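Quick notes on the structure that follows.
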Amino acid sequence: MDDKAISDLDFAALMLPLGPFEPRPRLAVAVSGGADSLALTLLADKWARMRGGHAVGLTVDHRLRPDAAAEANRVGQWLAVHGIDHVILVREGERPTADIQAVARKARHDLLGRYCAEAGILHLLLAHHREDQAETLLLRLGRGSGVDGLAAMATRRPTRWGQILRPLLDTPRARLRSTLVERGQDWVEDPSNADPVYARVRFRQLAPVLAAEGLASARLAATAARLGRVRATLEHDVARAAARLIVPHPAGFARLAANGFSALSEEIALRVLARLLSLVGGEPLPPRHERLERLAHALAAGSMTGLTLAGCRIVADGRGWIVCREPARVAPPVALVPGAESLWDRRFLARIRSSAPQGLYLGALGASPGRELAQAARRHGIPACARATIPALHDQQGVFAVPHLVYNREGAQQNVCRLEPAPAQSLTVAGLRLVPFGSNPISWGMSSACDPASGAGRAKPGRTQP
């Protein structure tokens, strides 16, 4: 039945394909106080407690509505009755004046992800349900999306700190409300969910008309699920091709082998390029399809001059191509605070030791680093086209340290910073592999980038400590 309350056994069945989970799992659940997220929080906490763990509810106060803070506190009071921990995350900064939903969504994801990373929580649960999935498919169909977009939301998405899970994607909204009614739990109605200024709301209002024409939410969600399987198959093929053809370097560039790339089908070749450009360039979204096609055709034709796309330069090196960061697109330096962490260029996360000196900042090495550093770059196999954009620590005197060149200025304190890759996408489905801080401090995307001779070795996936 589409309105039957979800039992603990039902929810366990929804979580089963998302595993395996660690013993005594710790879950975070994004909870706004609406019926969907509140029902998920209650179900997830019970599921975790039955396995020796627990859940924490995370509410984001966007400071967009005057009653948002009071609603967040009310959610905390409701969860306290059930013995569930609750944390309110507050968005800082000015109120956005345009594209408010997109700005709020990005802030929400950033705050939730940061909390999970700092708390060591590997699983963040979101309450998107069947109707949400159907609306997403329609929205993306209207934008002319391809397979990836029409596959809509995935039940599991890996992140730098763990994974985002959506166990309710094939669950009707009515079942979530029935779950709360059965438990005597009230909820908050968000007025924006009925505001027709938003396209998603307009599609929601058209749902009865669409259902009468055979486009019910269950059928649309099932279509998205089938396309999701197609996407997963393509991603598997992309990962295999990337592992065979791409050699990423810890300093943030990569080599793409010519042999084999030209033999790929057009769809796989374009996806390999998109994934590689996102890894090196730090862009969260792939380039437009037509731009990728032009780049692929240029590579196939042997055109090797002036190729740039998505913040990357593509340079011929005889056996293929070097893909490195475009100097003009590199982010400005960021100040480093002892004991804190900073993200630079959307690609590197710097964890600063508490004992680090004040006044350090992380930025690009620069085009004229001096003879000593230029020689060090050559010794470490960093080509001239990539040298200017590798990460370096600076202070008022100049270059303080370059981890990838195992360089510290004479007299400078050593091991003050640990760099971890934090690109928008990894090359493989499994994600990034980190190695201990040392002569090869990080590895991008694939274990093949770890040179065993460097002493770096391999490390298991997971959150690392400074």
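Every chain in the structure tokens takes a letter, A first, then B, and so on in the order presented; its residues are numbered from 1, and the ligands are numbered from 1 following the presented order.
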
Determine, counting only C-alpha atoms, which protein, DNA and RNA residues have an atom within 10 Å of an atom of Phe253 in chain A; residues of the same chain fewer than 4 positions away are not included. Present the result as a list in words. Val247, Pro248, His249, Leu276, Leu277, Leu279, Val280, Gly281, Cys312, Arg313, Ile322, Val323, Cys324, Arg325, Ile382, Pro383, Cys385, Ala386, Arg387, Thr389, Ile390 and Trp444 of chain A

Write the residues of the selection above to a file with N, CA and C atoms, as a compact mmCIF listing (two decimals), in the first residue's frame.
```
# COMPACT_ATOMS: atom_id res chain seq x y z
N VAL A 247 47.51 8.22 -15.80
CA VAL A 247 48.45 8.14 -14.68
C VAL A 247 48.41 9.48 -13.95
N PRO A 248 47.70 9.57 -12.84
CA PRO A 248 47.63 10.82 -12.09
C PRO A 248 48.88 11.02 -11.24
N HIS A 249 49.25 12.26 -11.03
CA HIS A 249 50.41 12.59 -10.20
C HIS A 249 49.93 13.27 -8.93
N LEU A 276 38.57 13.28 -16.04
CA LEU A 276 39.94 13.75 -15.88
C LEU A 276 39.99 15.26 -15.72
N LEU A 277 39.22 15.98 -16.51
CA LEU A 277 39.21 17.44 -16.41
C LEU A 277 38.66 17.90 -15.07
N LEU A 279 38.86 16.20 -12.25
CA LEU A 279 39.87 15.87 -11.25
C LEU A 279 40.96 16.93 -11.20
N VAL A 280 41.49 17.30 -12.37
CA VAL A 280 42.61 18.23 -12.43
C VAL A 280 42.14 19.67 -12.28
N GLY A 281 41.02 20.01 -12.90
CA GLY A 281 40.56 21.40 -12.90
C GLY A 281 39.76 21.81 -11.69
N CYS A 312 41.74 23.63 -17.34
CA CYS A 312 42.89 22.75 -17.58
C CYS A 312 43.60 23.12 -18.88
N ARG A 313 44.89 22.82 -18.93
CA ARG A 313 45.67 22.86 -20.17
C ARG A 313 45.93 21.42 -20.60
N ILE A 322 49.65 15.62 -21.42
CA ILE A 322 49.67 16.02 -20.01
C ILE A 322 48.48 16.95 -19.80
N VAL A 323 47.68 16.64 -18.80
CA VAL A 323 46.56 17.50 -18.43
C VAL A 323 46.91 18.15 -17.10
N CYS A 324 47.06 19.47 -17.12
CA CYS A 324 47.47 20.18 -15.91
C CYS A 324 46.56 21.40 -15.71
N ARG A 325 46.72 22.02 -14.57
CA ARG A 325 45.88 23.17 -14.23
C ARG A 325 46.26 24.36 -15.11
N ILE A 382 58.06 16.41 -12.56
CA ILE A 382 56.98 17.38 -12.79
C ILE A 382 57.32 18.19 -14.04
N PRO A 383 56.53 18.09 -15.09
CA PRO A 383 56.84 18.79 -16.34
C PRO A 383 56.71 20.30 -16.19
N CYS A 385 55.07 22.43 -17.87
CA CYS A 385 53.73 22.98 -18.03
C CYS A 385 52.91 22.89 -16.75
N ALA A 386 53.27 21.99 -15.84
CA ALA A 386 52.52 21.81 -14.60
C ALA A 386 53.18 22.47 -13.40
N ARG A 387 54.44 22.83 -13.52
CA ARG A 387 55.22 23.27 -12.36
C ARG A 387 54.62 24.49 -11.67
N THR A 389 51.72 25.48 -11.16
CA THR A 389 50.43 25.37 -10.48
C THR A 389 50.42 24.34 -9.36
N ILE A 390 51.55 23.72 -9.04
CA ILE A 390 51.54 22.77 -7.93
C ILE A 390 51.45 23.54 -6.61
N TRP A 444 46.45 10.71 -6.12
CA TRP A 444 45.19 11.12 -6.73
C TRP A 444 44.54 9.93 -7.40
```

Rows by chain and residue number, range 310-357 of chain A within 10 Å of range 255-264 of chain A, shortest pair, only C-alpha atoms, as JSON lines:
```
{"residue": "A:Ile314", "atom": "CA", "partner": "A:Arg255", "partner_atom": "CA", "distance": 9.5}
{"residue": "A:Val315", "atom": "CA", "partner": "A:Arg255", "partner_atom": "CA", "distance": 9.5}
{"residue": "A:Ala316", "atom": "CA", "partner": "A:Leu256", "partner_atom": "CA", "distance": 9.5}
{"residue": "A:Asp317", "atom": "CA", "partner": "A:Arg255", "partner_atom": "CA", "distance": 8.7}
{"residue": "A:Gly318", "atom": "CA", "partner": "A:Ala258", "partner_atom": "CA", "distance": 8.8}
{"residue": "A:Arg319", "atom": "CA", "partner": "A:Ala258", "partner_atom": "CA", "distance": 6.1}
{"residue": "A:Gly320", "atom": "CA", "partner": "A:Ala258", "partner_atom": "CA", "distance": 4.3}
{"residue": "A:Trp321", "atom": "CA", "partner": "A:Leu256", "partner_atom": "CA", "distance": 5.2}
{"residue": "A:Ile322", "atom": "CA", "partner": "A:Arg255", "partner_atom": "CA", "distance": 4.5}
{"residue": "A:Val323", "atom": "CA", "partner": "A:Arg255", "partner_atom": "CA", "distance": 6.1}
{"residue": "A:Cys324", "atom": "CA", "partner": "A:Arg255", "partner_atom": "CA", "distance": 8.7}
```

Just the residues within 6 Å of His394 in chain A, please, counting only C-alpha atoms, with nothing from its chain fewer than 3 positions along; format it as a VMD selection string. chain A and resid 360 to 361 398 to 400

Run DSSP on the backbone and give me the residues of range 228-385 of chain A it puts in strand (DSSP E), as a PyMOL selection string. chain A and resi 246-248+254-257+307-309+312-316+320-325+334-335+341-344+348-352+361-364

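For the set A:Ser368, A:Thr179, A:Thr223, A:Gln101, the residue with the smallest atom-to-atom gap to Met153 in chain A is A:Thr223, counting only C-alpha atoms.
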
Which residue of A:Arg231, A:His236, A:Arg183, A:Arg275 approaches Ala254 in chain A most closely, using only C-alpha atoms: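 Residue with the minimum atom-to-atom distance to Ala254 in chain A: A:Arg275.
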
Looking at A:Leu309, A:Met15, A:Val416, A:Val197, which one is nearest to Ala356 in chain A, with distances taken over only C-alpha atoms?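 Among A:Leu309, A:Met15, A:Val416, A:Val197, it is A:Val416 that comes nearest to Ala356 in chain A.
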
Nearest to Cys116 in chain A among A:Val201, A:Leu27, A:Leu138, A:Ala102, with distances taken over only C-alpha atoms: which residue is it?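 Among the listed residues, A:Leu27 lies closest to Cys116 in chain A.
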
Nearest candidate to Ser32 in chain A (options A:Asp190, A:Asp148, A:Glu94, A:Asp8; using only C-alpha atoms):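 Answer, going by the shortest atom-to-atom distance: A:Asp190.
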
The distance between CA of Leu176 in chain A and CA of Asp10 in chain A is 11.9 Å

Taking the DSSP assignment computed from this structure's backbone, write out as an NGL selection string all residues of range 93-208 of chain A that belong to alpha helix (DSSP H). :A and (100-119 or 130-142 or 147-150 or 173-183 or 199-205 or 207-208)

Wanna dump the range 98-213 of chain A-range 34-37 of chain A contacts at 8 Å for me, each residue with its shortest atom pair and the distance in Å to one decimal, counting only C-alpha atoms, ordered by chain and number, as JSON lines?
```
{"residue": "A:Leu126", "atom": "CA", "partner": "A:Ser37", "partner_atom": "CA", "distance": 7.2}
{"residue": "A:Ala127", "atom": "CA", "partner": "A:Ser37", "partner_atom": "CA", "distance": 5.0}
{"residue": "A:His128", "atom": "CA", "partner": "A:Asp36", "partner_atom": "CA", "distance": 7.6}
{"residue": "A:His129", "atom": "CA", "partner": "A:Asp36", "partner_atom": "CA", "distance": 7.9}
{"residue": "A:Arg173", "atom": "CA", "partner": "A:Asp36", "partner_atom": "CA", "distance": 7.0}
{"residue": "A:Leu176", "atom": "CA", "partner": "A:Asp36", "partner_atom": "CA", "distance": 5.7}
{"residue": "A:Arg177", "atom": "CA", "partner": "A:Ala35", "partner_atom": "CA", "distance": 5.8}
{"residue": "A:Leu180", "atom": "CA", "partner": "A:Ala35", "partner_atom": "CA", "distance": 7.2}
{"residue": "A:Asp186", "atom": "CA", "partner": "A:Ala35", "partner_atom": "CA", "distance": 8.0}
{"residue": "A:Trp187", "atom": "CA", "partner": "A:Gly34", "partner_atom": "CA", "distance": 5.4}
{"residue": "A:Val188", "atom": "CA", "partner": "A:Gly34", "partner_atom": "CA", "distance": 4.8}
{"residue": "A:Glu189", "atom": "CA", "partner": "A:Gly34", "partner_atom": "CA", "distance": 5.9}
{"residue": "A:Asp190", "atom": "CA", "partner": "A:Gly34", "partner_atom": "CA", "distance": 7.0}
```

Those residues with C-alpha atoms, as a JSON list (two decimals), in the first residue's frame please?
```json
[["chain", "number", "residue", "atom", "x", "y", "z"],
["A", 126, "LEU", "CA", 18.87, 12.34, 2.91],
["A", 127, "ALA", "CA", 15.09, 11.93, 2.79],
["A", 128, "HIS", "CA", 14.44, 12.24, -0.95],
["A", 129, "HIS", "CA", 11.53, 9.97, -1.85],
["A", 173, "ARG", "CA", 5.71, 10.38, 0.40],
["A", 176, "LEU", "CA", 6.48, 8.74, 5.49],
["A", 177, "ARG", "CA", 3.58, 10.81, 6.76],
["A", 180, "LEU", "CA", 4.78, 9.88, 11.80],
["A", 186, "ASP", "CA", 4.00, 16.23, 14.51],
["A", 187, "TRP", "CA", 6.01, 17.93, 11.76],
["A", 188, "VAL", "CA", 6.62, 21.33, 10.12],
["A", 189, "GLU", "CA", 5.16, 22.38, 6.76],
["A", 190, "ASP", "CA", 7.63, 24.45, 4.73]]
```

Under the rule that only C-alpha atoms are counted, which of A:Ala335, A:Ala212, A:Ala119, A:Leu169 is the nearest residue to Gln396 in chain A? A:Ala335

Quick one: everything within 12 Å of Phe21 in chain A, counting only C-alpha atoms, minus sequence neighbours fewer than 5 positions away in the same chain. Send it as a PyMOL selection string. chain A and resi 15-16+26-27+47-48+51-53+121-123+162-163+165

Surrounding residues of Pro332 in chain A excluding itself and chain neighbours under 4 positions, 9 Å, only C-alpha atoms, as JSON, numbers by chain: {"A": [344, 345, 362, 363, 364]}
